[in-house]
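Everything below belongs to model.cif, which stores mmCIF, C-alpha atoms.
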```cif
data_final
loop_
_atom_site.label_atom_id
_atom_site.label_comp_id
_atom_site.auth_asym_id
_atom_site.auth_seq_id
_atom_site.Cartn_x
_atom_site.Cartn_y
_atom_site.Cartn_z
CA MET Q 685 53.94 19.95 -1.38
CA ASP Q 686 54.03 18.87 2.26
CA ILE Q 687 50.88 16.71 2.16
CA LYS Q 688 50.65 16.30 5.94
CA GLN Q 689 50.77 20.06 6.54
CA TYR Q 690 48.43 20.77 3.62
CA MET Q 691 45.78 18.37 4.93
CA LYS Q 692 46.18 19.65 8.48
CA GLU Q 693 45.45 23.19 7.28
CA ILE Q 694 42.40 22.01 5.36
CA GLY Q 695 41.19 20.21 8.48
CA GLN Q 696 41.68 23.25 10.68
CA ARG Q 697 39.76 25.47 8.27
CA ALA Q 698 36.98 22.89 8.00
CA ARG Q 699 36.65 22.64 11.78
CA LYS Q 700 36.35 26.41 12.06
CA ALA Q 701 33.83 26.56 9.22
CA SER Q 702 31.77 23.75 10.80
CA ARG Q 703 31.05 25.95 13.81
CA ALA Q 704 29.74 28.71 11.57
CA MET Q 705 27.67 26.25 9.54
CA ALA Q 706 26.13 24.74 12.66
CA LYS Q 707 24.53 28.08 13.51
CA ALA Q 708 23.72 29.18 9.93
CA ASP Q 709 20.03 29.86 9.41
CA THR Q 710 17.89 27.96 6.94
CA ALA Q 711 17.44 30.94 4.61
CA ALA Q 712 21.20 31.35 4.09
CA LYS Q 713 21.72 27.63 3.47
CA ASN Q 714 18.85 27.50 0.99
CA GLN Q 715 20.12 30.61 -0.78
CA ALA Q 716 23.54 29.02 -1.24
CA LEU Q 717 21.97 25.87 -2.70
CA SER Q 718 19.77 27.85 -5.10
CA LEU Q 719 22.73 29.91 -6.28
CA ILE Q 720 24.79 26.77 -6.91
CA ALA Q 721 21.93 25.17 -8.88
CA ALA Q 722 21.57 28.29 -11.03
CA ALA Q 723 25.33 28.40 -11.65
CA ILE Q 724 25.36 24.74 -12.74
CA ARG Q 725 22.67 25.42 -15.34
CA ARG Q 726 24.39 28.62 -16.44
CA ASP Q 727 27.78 26.94 -16.89
CA ALA Q 728 26.56 23.62 -18.34
CA ASP Q 729 28.71 24.04 -21.46
CA ALA Q 730 31.84 24.68 -19.40
CA LEU Q 731 31.11 21.65 -17.22
CA ARG Q 732 30.72 19.42 -20.29
CA ALA Q 733 34.01 20.74 -21.67
CA ALA Q 734 35.81 20.00 -18.40
CA ASN Q 735 34.25 16.54 -18.33
CA GLN Q 736 35.45 15.86 -21.88
CA LYS Q 737 39.04 16.55 -20.75
CA ASP Q 738 38.63 14.00 -17.99
CA LEU Q 739 37.03 11.44 -20.33
CA GLU Q 740 39.77 11.79 -22.93
CA ALA Q 741 42.46 11.25 -20.29
CA ALA Q 742 40.52 8.31 -18.82
CA ARG Q 743 40.17 6.57 -22.18
CA THR Q 744 43.87 7.06 -22.89
CA SER Q 745 44.75 5.51 -19.52
CA GLY Q 746 42.46 2.52 -20.18
CA LEU Q 747 39.83 3.19 -17.51
CA ALA Q 748 37.28 0.36 -17.29
CA PRO Q 749 33.93 0.87 -19.11
CA ALA Q 750 32.00 0.87 -15.81
CA MET Q 751 34.22 3.66 -14.48
CA LEU Q 752 33.88 5.63 -17.73
CA ASP Q 753 30.11 5.39 -17.32
CA ARG Q 754 30.36 6.82 -13.81
CA LEU Q 755 32.68 9.56 -15.01
CA THR Q 756 30.46 10.77 -17.86
CA LEU Q 757 28.55 13.97 -17.16
CA SER Q 758 25.61 13.94 -19.57
CA ASP Q 759 23.08 16.73 -20.13
CA LYS Q 760 20.66 14.73 -18.00
CA ALA Q 761 23.24 14.35 -15.23
CA ILE Q 762 23.88 18.09 -15.16
CA ALA Q 763 20.16 18.82 -14.99
CA THR Q 764 19.76 16.19 -12.26
CA MET Q 765 22.50 17.81 -10.16
CA ALA Q 766 20.74 21.16 -10.28
CA GLU Q 767 17.34 19.59 -9.64
CA GLY Q 768 18.76 17.63 -6.70
CA LEU Q 769 19.95 20.85 -5.06
CA GLU Q 770 16.51 22.41 -5.54
CA GLN Q 771 14.91 19.35 -3.95
CA ILE Q 772 17.20 19.79 -0.96
CA VAL Q 773 16.08 23.43 -0.71
CA ALA Q 774 12.46 22.24 -0.53
CA LEU Q 775 13.20 19.77 2.28
CA PRO Q 776 12.66 20.79 5.90
CA ASP Q 777 15.81 21.86 7.69
CA PRO Q 778 16.43 19.18 10.34
CA ILE Q 779 18.88 21.22 12.41
CA GLY Q 780 17.54 22.42 15.74
CA GLU Q 781 14.44 20.24 15.59
CA ILE Q 782 13.45 19.04 19.08
CA SER Q 783 11.57 15.77 19.42
CA ASN Q 784 10.53 13.11 21.94
CA MET Q 785 9.88 15.64 24.71
CA LYS Q 786 8.79 13.94 27.94
CA TYR Q 787 8.11 15.09 31.50
CA ARG Q 788 9.99 13.19 34.17
CA PRO Q 789 8.66 12.67 37.71
CA THR Q 790 11.22 15.18 38.95
CA GLY Q 791 9.58 17.94 36.89
CA ILE Q 792 12.27 18.26 34.22
CA GLN Q 793 11.47 17.86 30.53
CA VAL Q 794 13.83 15.69 28.47
CA GLY Q 795 13.98 15.63 24.69
CA GLN Q 796 16.39 15.35 21.77
CA MET Q 797 17.69 18.01 19.40
CA ARG Q 798 18.99 17.26 15.92
CA VAL Q 799 22.48 18.67 15.32
CA PRO Q 800 25.15 18.47 12.56
CA LEU Q 801 27.87 15.82 12.69
CA GLY Q 802 30.55 18.50 12.19
CA VAL Q 803 33.19 17.87 9.51
CA ILE Q 804 32.54 15.15 6.93
CA GLY Q 805 35.33 13.85 4.73
CA ILE Q 806 34.14 12.36 1.45
CA ILE Q 807 36.41 10.20 -0.69
CA TYR Q 808 35.09 9.18 -4.09
CA GLU Q 809 36.13 7.91 -7.50
CA ALA Q 810 35.05 8.95 -10.97
CA ARG Q 811 31.61 10.41 -10.14
CA PRO Q 812 31.67 14.22 -10.55
CA ASN Q 813 28.02 14.47 -9.47
CA VAL Q 814 29.13 13.44 -5.96
CA THR Q 815 30.86 16.81 -5.64
CA VAL Q 816 27.53 18.59 -5.90
CA ASP Q 817 25.37 16.04 -4.09
CA ALA Q 818 27.73 15.92 -1.13
CA ALA Q 819 28.20 19.68 -0.98
CA GLY Q 820 24.45 20.28 -1.12
CA LEU Q 821 23.56 17.81 1.61
CA CYS Q 822 26.37 18.96 3.88
CA ILE Q 823 25.41 22.62 3.46
CA LYS Q 824 21.72 22.01 4.25
CA SER Q 825 22.56 19.80 7.24
CA GLY Q 826 24.90 22.43 8.69
CA ASN Q 827 28.12 20.49 8.23
CA ALA Q 828 31.46 21.40 6.73
CA THR Q 829 32.92 18.96 4.23
CA ILE Q 830 36.28 18.03 2.73
CA LEU Q 831 35.92 16.47 -0.71
CA ARG Q 832 38.63 14.27 -2.19
CA GLY Q 833 37.54 13.20 -5.66
CA GLY Q 834 39.42 10.82 -7.91
CA SER Q 835 42.22 12.06 -10.16
CA GLU Q 836 40.23 10.87 -13.21
CA ALA Q 837 37.61 13.61 -12.56
CA ILE Q 838 39.95 16.41 -11.52
CA HIS Q 839 38.96 18.95 -14.20
CA CYS Q 840 35.24 18.52 -13.68
CA ASN Q 841 35.51 18.51 -9.89
CA GLN Q 842 37.51 21.73 -9.91
CA ALA Q 843 34.95 23.39 -12.19
CA LEU Q 844 32.11 22.31 -9.90
CA ALA Q 845 34.02 23.41 -6.80
CA LYS Q 846 34.23 26.95 -8.16
CA LEU Q 847 30.45 27.04 -8.57
CA VAL Q 848 29.95 25.76 -5.01
CA SER Q 849 32.29 28.46 -3.68
CA GLU Q 850 30.37 31.05 -5.67
CA GLY Q 851 27.10 29.96 -4.11
CA LEU Q 852 28.48 29.95 -0.57
CA ALA Q 853 29.95 33.43 -0.98
CA GLY Q 854 26.69 34.74 -2.43
CA ALA Q 855 24.82 33.53 0.66
CA GLY Q 856 27.36 34.91 3.13
CA LEU Q 857 28.51 31.47 4.29
CA PRO Q 858 32.17 30.53 4.88
CA ALA Q 859 34.04 29.44 1.76
CA ASP Q 860 35.80 26.75 3.81
CA ALA Q 861 32.47 25.00 4.45
CA VAL Q 862 33.17 23.00 1.26
CA GLN Q 863 36.81 22.36 0.38
CA ILE Q 864 38.16 20.31 -2.50
CA VAL Q 865 41.49 18.56 -1.97
CA GLU Q 866 43.45 19.95 -4.90
CA THR Q 867 46.21 17.35 -4.98
CA THR Q 868 45.76 13.93 -6.61
CA ASP Q 869 48.51 12.48 -4.38
CA ARG Q 870 47.08 9.40 -2.65
CA ALA Q 871 48.90 10.35 0.52
CA ALA Q 872 46.20 12.99 1.02
CA VAL Q 873 43.64 10.22 1.57
CA GLY Q 874 45.87 8.62 4.19
CA GLU Q 875 46.02 11.92 6.07
CA LEU Q 876 42.29 12.65 5.75
CA ILE Q 877 41.25 9.34 7.32
CA THR Q 878 43.65 9.71 10.25
CA MET Q 879 42.65 13.20 11.46
CA PRO Q 880 39.93 12.56 14.07
CA GLU Q 881 40.74 15.90 15.67
CA TYR Q 882 39.45 17.66 12.54
CA VAL Q 883 37.19 15.11 10.79
CA ASP Q 884 34.13 13.54 12.45
CA VAL Q 885 32.96 11.11 9.76
CA ILE Q 886 34.39 9.65 6.53
CA VAL Q 887 32.07 8.72 3.65
CA PRO Q 888 33.83 6.61 0.98
CA ARG Q 889 32.27 6.39 -2.48
CA GLY Q 890 34.29 4.07 -4.66
CA GLY Q 891 35.35 0.55 -5.53
CA LYS Q 892 35.71 -2.34 -3.14
CA GLY Q 893 39.50 -1.99 -3.08
CA LEU Q 894 39.33 1.62 -1.92
CA ILE Q 895 36.78 0.93 0.81
CA GLU Q 896 38.64 -2.15 2.08
CA ARG Q 897 41.76 -0.01 2.40
CA LEU Q 898 39.92 2.69 4.30
CA MET Q 899 38.30 0.16 6.64
CA LYS Q 900 41.79 -1.06 7.60
CA GLU Q 901 43.47 2.33 7.94
CA SER Q 902 40.85 4.86 9.02
CA LYS Q 903 40.90 6.32 12.53
CA VAL Q 904 37.66 8.16 11.76
CA PRO Q 905 34.20 6.49 11.82
CA MET Q 906 32.76 5.73 8.38
CA ILE Q 907 29.35 5.67 6.69
CA LYS Q 908 29.87 3.09 3.97
CA HIS Q 909 28.91 0.04 1.97
CA LEU Q 910 31.53 -2.36 0.68
CA ASP Q 911 29.71 -3.62 -2.41
CA GLY Q 912 26.29 -4.02 -3.97
CA ILE Q 913 25.33 -7.65 -4.54
CA CYS Q 914 21.64 -7.05 -5.28
CA HIS Q 915 19.00 -9.69 -5.99
CA VAL Q 916 15.64 -9.91 -7.72
CA TYR Q 917 13.47 -12.89 -6.82
CA ILE Q 918 10.71 -13.85 -9.29
CA ASP Q 919 8.08 -15.64 -7.26
CA ASP Q 920 5.75 -18.21 -8.84
CA LYS Q 921 2.90 -15.76 -8.14
CA ALA Q 922 4.63 -13.01 -10.16
CA ASP Q 923 2.95 -11.04 -12.95
CA PRO Q 924 5.05 -12.11 -16.00
CA ALA Q 925 4.96 -8.65 -17.60
CA LYS Q 926 6.24 -7.04 -14.40
CA ALA Q 927 8.86 -9.75 -14.02
CA LEU Q 928 10.24 -9.12 -17.52
CA ASP Q 929 10.33 -5.33 -17.20
CA ILE Q 930 11.80 -5.24 -13.70
CA SER Q 931 14.41 -7.96 -14.23
CA PHE Q 932 15.64 -6.35 -17.45
CA ASN Q 933 15.75 -2.85 -15.98
CA ALA Q 934 17.43 -3.93 -12.75
CA LYS Q 935 20.31 -5.44 -14.74
CA CYS Q 936 20.54 -3.39 -17.93
CA HIS Q 937 19.57 0.18 -17.01
CA ARG Q 938 23.17 0.75 -15.93
CA TYR Q 939 25.84 -1.84 -15.26
CA GLY Q 940 28.29 0.16 -13.16
CA THR Q 941 26.14 1.09 -10.17
CA CYS Q 942 25.88 -0.44 -6.72
CA ASN Q 943 22.08 -0.91 -7.02
CA THR Q 944 22.28 -2.99 -10.22
CA MET Q 945 20.98 -6.56 -9.92
CA GLU Q 946 23.80 -9.12 -9.94
CA THR Q 947 21.84 -12.30 -9.16
CA LEU Q 948 18.40 -13.34 -10.40
CA LEU Q 949 16.51 -15.94 -8.38
CA VAL Q 950 13.54 -17.65 -10.05
CA ALA Q 951 10.92 -19.92 -8.50
CA ARG Q 952 11.04 -23.39 -10.08
CA ALA Q 953 7.35 -23.38 -11.03
CA ILE Q 954 7.64 -20.22 -13.17
CA ALA Q 955 11.19 -20.65 -14.49
CA PRO Q 956 10.40 -22.61 -17.70
CA SER Q 957 7.98 -19.92 -18.90
CA ILE Q 958 9.76 -16.74 -17.76
CA LEU Q 959 13.48 -17.48 -18.30
CA PRO Q 960 13.43 -17.95 -22.12
CA ALA Q 961 11.56 -14.66 -22.53
CA LEU Q 962 14.03 -12.92 -20.24
CA ALA Q 963 16.96 -14.44 -22.15
CA LYS Q 964 15.67 -12.87 -25.36
CA LEU Q 965 15.71 -9.46 -23.66
CA TYR Q 966 19.20 -9.97 -22.24
CA ALA Q 967 20.43 -11.09 -25.67
CA THR Q 968 19.65 -7.63 -27.04
CA ARG Q 969 22.32 -6.32 -24.68
CA GLU Q 970 24.66 -9.34 -24.99
CA VAL Q 971 24.45 -10.02 -21.27
CA GLU Q 972 26.45 -13.07 -20.19
CA LEU Q 973 24.25 -15.40 -18.12
CA ARG Q 974 25.91 -17.62 -15.54
CA GLY Q 975 23.33 -20.20 -14.54
CA ASP Q 976 23.05 -23.15 -12.18
CA ASP Q 977 22.31 -26.56 -13.68
CA GLU Q 978 18.54 -26.03 -13.85
CA ALA Q 979 18.79 -22.57 -15.38
CA ARG Q 980 21.22 -23.78 -18.05
CA ALA Q 981 18.92 -26.67 -18.93
CA ILE Q 982 16.08 -24.23 -19.53
CA LEU Q 983 18.28 -21.76 -21.44
CA GLN Q 984 19.98 -24.21 -23.82
CA GLY Q 985 20.92 -22.39 -27.01
CA TYR Q 986 21.44 -18.96 -25.44
CA ALA Q 987 24.58 -17.55 -27.04
CA HIS Q 988 26.11 -16.12 -23.87
CA LEU Q 989 25.48 -18.90 -21.31
CA THR Q 990 28.05 -20.34 -18.91
CA ALA Q 991 27.98 -22.34 -15.69
CA ALA Q 992 27.76 -20.41 -12.44
CA SER Q 993 30.46 -21.13 -9.88
CA ALA Q 994 30.14 -20.82 -6.10
CA GLU Q 995 32.05 -17.54 -6.37
CA ASP Q 996 29.43 -16.01 -8.68
CA TRP Q 997 26.82 -15.82 -5.92
CA SER Q 998 29.03 -13.41 -3.97
CA THR Q 999 30.38 -11.37 -6.88
CA GLU Q 1000 29.51 -7.77 -7.79
CA TYR Q 1001 30.11 -7.74 -11.54
CA LEU Q 1002 29.44 -4.08 -12.41
CA ASP Q 1003 29.29 -5.43 -15.95
CA ALA Q 1004 26.97 -7.14 -18.46
CA ILE Q 1005 27.04 -10.39 -16.46
CA LEU Q 1006 24.17 -11.93 -14.48
CA SER Q 1007 24.10 -15.04 -12.32
CA ILE Q 1008 20.84 -17.03 -12.25
CA ARG Q 1009 19.68 -19.62 -9.75
CA ILE Q 1010 16.46 -21.65 -9.69
CA VAL Q 1011 14.97 -21.96 -6.20
CA THR Q 1012 12.10 -24.02 -4.81
CA GLY Q 1013 10.29 -20.98 -3.42
CA MET Q 1014 10.33 -18.25 -0.79
CA ASP Q 1015 12.29 -20.11 1.89
CA GLU Q 1016 15.17 -20.93 -0.43
CA ALA Q 1017 15.14 -17.45 -2.00
CA ILE Q 1018 15.30 -15.66 1.35
CA ASP Q 1019 18.00 -18.02 2.61
CA HIS Q 1020 20.10 -17.41 -0.52
CA ILE Q 1021 19.73 -13.63 -0.22
CA ASN Q 1022 20.58 -13.50 3.47
CA THR Q 1023 23.60 -15.74 2.79
CA TYR Q 1024 25.09 -13.96 -0.23
CA SER Q 1025 23.59 -10.47 -0.29
CA SER Q 1026 25.73 -7.50 0.68
CA GLN Q 1027 22.61 -6.15 2.45
CA HIS Q 1028 22.26 -3.35 -0.08
CA THR Q 1029 19.03 -3.84 -2.08
CA ASP Q 1030 16.86 -6.85 -2.82
CA SER Q 1031 13.48 -7.09 -4.57
CA ILE Q 1032 10.64 -9.60 -4.90
CA ILE Q 1033 8.25 -9.78 -7.85
CA THR Q 1034 4.95 -11.28 -6.71
CA GLU Q 1035 1.22 -10.64 -6.62
CA ASP Q 1036 0.87 -12.50 -3.31
CA TYR Q 1037 0.52 -9.93 -0.49
CA THR Q 1038 1.41 -12.34 2.30
CA ARG Q 1039 4.62 -13.43 0.57
CA ALA Q 1040 5.54 -9.84 -0.24
CA MET Q 1041 5.20 -8.75 3.37
CA ARG Q 1042 7.15 -11.76 4.56
CA PHE Q 1043 9.96 -10.84 2.14
CA LEU Q 1044 10.02 -7.30 3.58
CA ARG Q 1045 10.28 -8.61 7.13
CA GLU Q 1046 12.80 -11.39 6.63
CA VAL Q 1047 15.28 -10.05 4.05
CA ASP Q 1048 17.99 -8.27 6.05
CA SER Q 1049 19.01 -5.50 3.63
CA ALA Q 1050 19.10 -1.71 3.73
CA SER Q 1051 16.44 -1.48 0.98
CA VAL Q 1052 13.86 -4.21 0.39
CA MET Q 1053 11.38 -3.81 -2.48
CA ILE Q 1054 8.16 -5.28 -3.82
CA ASN Q 1055 7.55 -5.22 -7.60
CA ALA Q 1056 10.16 -2.56 -8.30
CA SER Q 1057 13.61 -2.39 -9.88
CA THR Q 1058 16.61 -2.33 -7.54
CA ARG Q 1059 17.78 0.71 -9.51
CA PHE Q 1060 15.37 2.81 -7.42
CA ALA Q 1061 17.64 2.44 -4.37
CA ASP Q 1062 18.91 5.98 -4.64
CA GLY Q 1063 18.58 9.11 -2.53
CA PHE Q 1064 17.21 11.16 -5.42
CA GLU Q 1065 14.58 8.53 -6.21
CA TYR Q 1066 13.68 8.22 -2.52
CA GLY Q 1067 12.96 11.94 -2.33
CA LEU Q 1068 16.03 12.80 -0.26
CA GLY Q 1069 17.05 15.41 -2.84
CA ALA Q 1070 20.34 13.59 -3.26
CA GLU Q 1071 22.44 11.15 -1.31
CA ILE Q 1072 25.89 11.32 0.16
CA GLY Q 1073 26.22 7.55 -0.11
CA ILE Q 1074 24.53 4.31 0.80
CA SER Q 1075 25.16 2.57 4.09
CA ASN Q 1076 24.91 -1.18 4.58
CA ASP Q 1077 25.78 -0.75 8.25
CA LYS Q 1078 23.18 -0.87 11.01
CA LEU Q 1079 24.48 1.86 13.30
CA HIS Q 1080 23.46 5.51 12.83
CA ALA Q 1081 22.43 5.44 9.15
CA ARG Q 1082 21.21 2.67 6.85
CA GLY Q 1083 20.30 2.79 3.15
CA PRO Q 1084 20.62 5.99 1.08
CA VAL Q 1085 22.06 8.67 3.38
CA GLY Q 1086 20.39 12.06 3.08
CA LEU Q 1087 19.96 14.98 5.45
CA ASP Q 1088 18.97 13.03 8.56
CA GLY Q 1089 21.90 10.65 8.06
CA LEU Q 1090 24.28 13.61 8.28
CA THR Q 1091 22.97 14.66 11.67
CA SER Q 1092 23.07 13.34 15.20
CA LEU Q 1093 20.88 13.79 18.27
CA LYS Q 1094 21.81 15.35 21.57
CA TYR Q 1095 19.69 15.31 24.69
CA VAL Q 1096 18.24 18.61 25.87
CA VAL Q 1097 16.74 19.21 29.29
CA PHE Q 1098 14.28 21.94 30.30
CA GLY Q 1099 14.22 22.61 33.99
CA HIS Q 1100 12.35 24.92 36.35
CA GLY Q 1101 14.84 25.08 39.20
CA GLU Q 1102 14.78 21.34 39.93
CA ILE Q 1103 17.69 19.77 41.82
CA ARG Q 1104 18.45 16.08 42.19
CA GLU Q 1105 17.67 14.64 45.62
#
```

Taking this structure as input, can you express it in the form of structure tokens?
Amino acid sequence: MDIKQYMKEIGQRARKASRAMAKADTAAKNQALSLIAAAIRRDADALRAANQKDLEAARTSGLAPAMLDRLTLSDKAIATMAEGLEQIVALPDPIGEISNMKYRPTGIQVGQMRVPLGVIGIIYEARPNVTVDAAGLCIKSGNATILRGGSEAIHCNQALAKLVSEGLAGAGLPADAVQIVETTDRAAVGELITMPEYVDVIVPRGGKGLIERLMKESKVPMIKHLDGICHVYIDDKADPAKALDISFNAKCHRYGTCNTMETLLVARAIAPSILPALAKLYATREVELRGDDEARAILQGYAHLTAASAEDWSTEYLDAILSIRIVTGMDEAIDHINTYSSQHTDSIITEDYTRAMRFLREVDSASVMINASTRFADGFEYGLGAEIGISNDKLHARGPVGLDGLTSLKYVVFGHGEIRE
């Protein structure tokens, strides 16, 4: 296969399809999404079978446990994919919406209209649900998309792609609005990220190594986050029951996700009472705790306790490992977070309203939470229907990226024959 020519043809078809999608009406887009959701439920058994092929190959090749977790398509995951599409159907269509209309002294009216970005290239590893989430959001937001999933999920991605094509055809929308890159050759990624004439935005969903490579090589703007070093801070005004539940869930609900807590900060005044109880919970999951000197003194006797190094504070483990630091209070907690956080998601556990609001204002992350698990930093949980990714950047989109994040604004002017003097 001539990869360069193959990707060029995909790009040309996507560009053409993007023009049709930009003018597609809401009813057609919603119909396509509903048809895809119904097909996913109908073919759940076939999707599980395809996923099993991928899992067997992944285990044979020695794929890491965190990646196997991402690759697994459970019954709940299949249901969530379909439900996510139906949530997108229920969301207002942003395309064509005009806002911020103002009269100018000259008599003209100036406002802004929301429009699609155009063609979105999505590069992702292991997660087959991204195929559906990305397709659904791009369809509703009037974009065309080129999906390049990882080779470890090839069977499942191809099965899902057929269902997406079925839904598009049933709604009378162009089949090329969602294209799956069929080759697993890595050269295809190199071509996709260097085709600004066909691709408007790249959204990478994968490990740090992949995203670092794309940041160096891409000629196309990206919506991205490099890693997820998320914190929970237990304030000395925290409710102990909430602190236990949230701190356990934020770490142990799933290890291999970017919104999993990697560092726990605990106020010195509450640490002696809360840390031993937390350690008992973490012991049930054999979580390795890497503590500073104070934390280790409190947790003497814990079976999986080691000393934290300077590197631990800036490490995304994606594993059953948690670093713990004792801090004096709010000032030290916020300083630590703003120093080591990847600006993804950080949470405070406190019953003090003033401290909670200060945490919201001063922690510079895409999602900042009060008395909630970091695991909620997700487009589905935020009511976006699904997400195409999470952005730690500050330009255009920040946090979970849903429909609005896949659109742009253009100025529109209404005149009545005015001319500029």

- Task: Can you work out which one of Q:Arg788, Q:Arg974, Q:Lys908, Q:His839 has the shortest atom-to-atom distance to Ile1010 (chain Q), counting all atoms listed in the file?
- Result: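 Checking each candidate against Ile1010 (chain Q), we get Q:Arg974 as the closest.
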
- Message: So that I can see what lies close to Ala981 (chain Q), please list as number ranges by chain the residues with an atom at most 10 Å from it, counting all atoms listed in the file and leaving out residues fewer than 5 positions away in the same chain.
- Response: Q: 956, 975-976

- Message: For the provided coordinates, the residues matched by the PyMOL selection byres ((chain Q and resi 1073) around 6) should be stated as a VMD selection string.
- Response: chain Q and resid 1071 to 1072 1074 1084 to 1085

Those selected residues, please, written with C-alpha atoms and delivered as a compact mmCIF listing (two decimals), in the frame of the given file.
```txt
# COMPACT_ATOMS: atom_id res chain seq x y z
CA GLU Q 1071 22.44 11.15 -1.31
CA ILE Q 1072 25.89 11.32 0.16
CA ILE Q 1074 24.53 4.31 0.80
CA PRO Q 1084 20.62 5.99 1.08
CA VAL Q 1085 22.06 8.67 3.38
```

- So what do you get for CA of Thr764 (chain Q) versus CA of Ala721 (chain Q), distance-wise?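 Separating CA of Thr764 (chain Q) from CA of Ala721 (chain Q) is a distance of 9.8 Å.
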
- From the list Q:Glu972, Q:Glu740, Q:Tyr808, Q:Ser1057, which residue is nearest Ala934 (chain Q) when using only C-alpha atoms? Q:Ser1057

- Which residue gives the smallest distance to Thr990 (chain Q) among Q:Gly1063, Q:Ile1005, Q:Val1011, Q:Ala961, with only C-alpha atoms counted?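 Closest to Thr990 (chain Q) of all the choices is Q:Ile1005.
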
- Might you pull out every residue within 7 Å of Thr829 (chain Q), with all atoms listed in the file counted and same-chain residues fewer than 4 positions away left off, and present them as a list in words?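 What passes the distance filter is Ala698, Val803, Ile804, Gly805, Cys822, Ala861, Val862 and Gln863 of chain Q.
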
- Query: For Gly1099 (chain Q), which residue out of Q:Pro888, Q:Gly826, Q:Pro789, Q:Gly874 is the nearest one, using all atoms listed in the file?
  - Reply: Q:Pro789

Can you put N, CA and C atoms back into region 1025-1036 of chain Q and show it as a PDB file, in the coordinates of the input?
```
ATOM      1  N   SER Q1025      23.824 -11.890  -0.054  1.00  0.00           N
ATOM      2  CA  SER Q1025      23.590 -10.470  -0.290  1.00  0.00           C
ATOM      3  C   SER Q1025      24.588  -9.617   0.498  1.00  0.00           C
ATOM      4  N   SER Q1026      24.914  -8.461  -0.047  1.00  0.00           N
ATOM      5  CA  SER Q1026      25.730  -7.500   0.680  1.00  0.00           C
ATOM      6  C   SER Q1026      24.859  -6.569   1.515  1.00  0.00           C
ATOM      7  N   GLN Q1027      23.575  -6.912   1.646  1.00  0.00           N
ATOM      8  CA  GLN Q1027      22.610  -6.150   2.450  1.00  0.00           C
ATOM      9  C   GLN Q1027      22.403  -4.747   1.900  1.00  0.00           C
ATOM     10  N   HIS Q1028      22.473  -4.632   0.596  1.00  0.00           N
ATOM     11  CA  HIS Q1028      22.260  -3.350  -0.080  1.00  0.00           C
ATOM     12  C   HIS Q1028      20.801  -3.218  -0.493  1.00  0.00           C
ATOM     13  N   THR Q1029      20.392  -3.945  -1.556  1.00  0.00           N
ATOM     14  CA  THR Q1029      19.030  -3.840  -2.080  1.00  0.00           C
ATOM     15  C   THR Q1029      18.597  -5.171  -2.671  1.00  0.00           C
ATOM     16  N   ASP Q1030      17.402  -5.607  -2.288  1.00  0.00           N
ATOM     17  CA  ASP Q1030      16.860  -6.850  -2.820  1.00  0.00           C
ATOM     18  C   ASP Q1030      15.366  -6.678  -3.061  1.00  0.00           C
ATOM     19  N   SER Q1031      14.865  -7.312  -4.142  1.00  0.00           N
ATOM     20  CA  SER Q1031      13.480  -7.090  -4.570  1.00  0.00           C
ATOM     21  C   SER Q1031      12.780  -8.415  -4.856  1.00  0.00           C
ATOM     22  N   ILE Q1032      11.480  -8.455  -4.566  1.00  0.00           N
ATOM     23  CA  ILE Q1032      10.640  -9.600  -4.900  1.00  0.00           C
ATOM     24  C   ILE Q1032       9.598  -9.154  -5.923  1.00  0.00           C
ATOM     25  N   ILE Q1033       9.329 -10.034  -6.886  1.00  0.00           N
ATOM     26  CA  ILE Q1033       8.250  -9.780  -7.850  1.00  0.00           C
ATOM     27  C   ILE Q1033       7.165 -10.820  -7.568  1.00  0.00           C
ATOM     28  N   THR Q1034       6.046 -10.374  -7.072  1.00  0.00           N
ATOM     29  CA  THR Q1034       4.950 -11.280  -6.710  1.00  0.00           C
ATOM     30  C   THR Q1034       3.648 -10.510  -6.619  1.00  0.00           C
ATOM     31  N   GLU Q1035       2.548 -11.215  -6.815  1.00  0.00           N
ATOM     32  CA  GLU Q1035       1.220 -10.640  -6.620  1.00  0.00           C
ATOM     33  C   GLU Q1035       0.597 -11.158  -5.319  1.00  0.00           C
ATOM     34  N   ASP Q1036       1.363 -11.932  -4.559  1.00  0.00           N
ATOM     35  CA  ASP Q1036       0.870 -12.500  -3.310  1.00  0.00           C
ATOM     36  C   ASP Q1036       1.255 -11.573  -2.154  1.00  0.00           C
TER      37      ASP Q1036
END
```
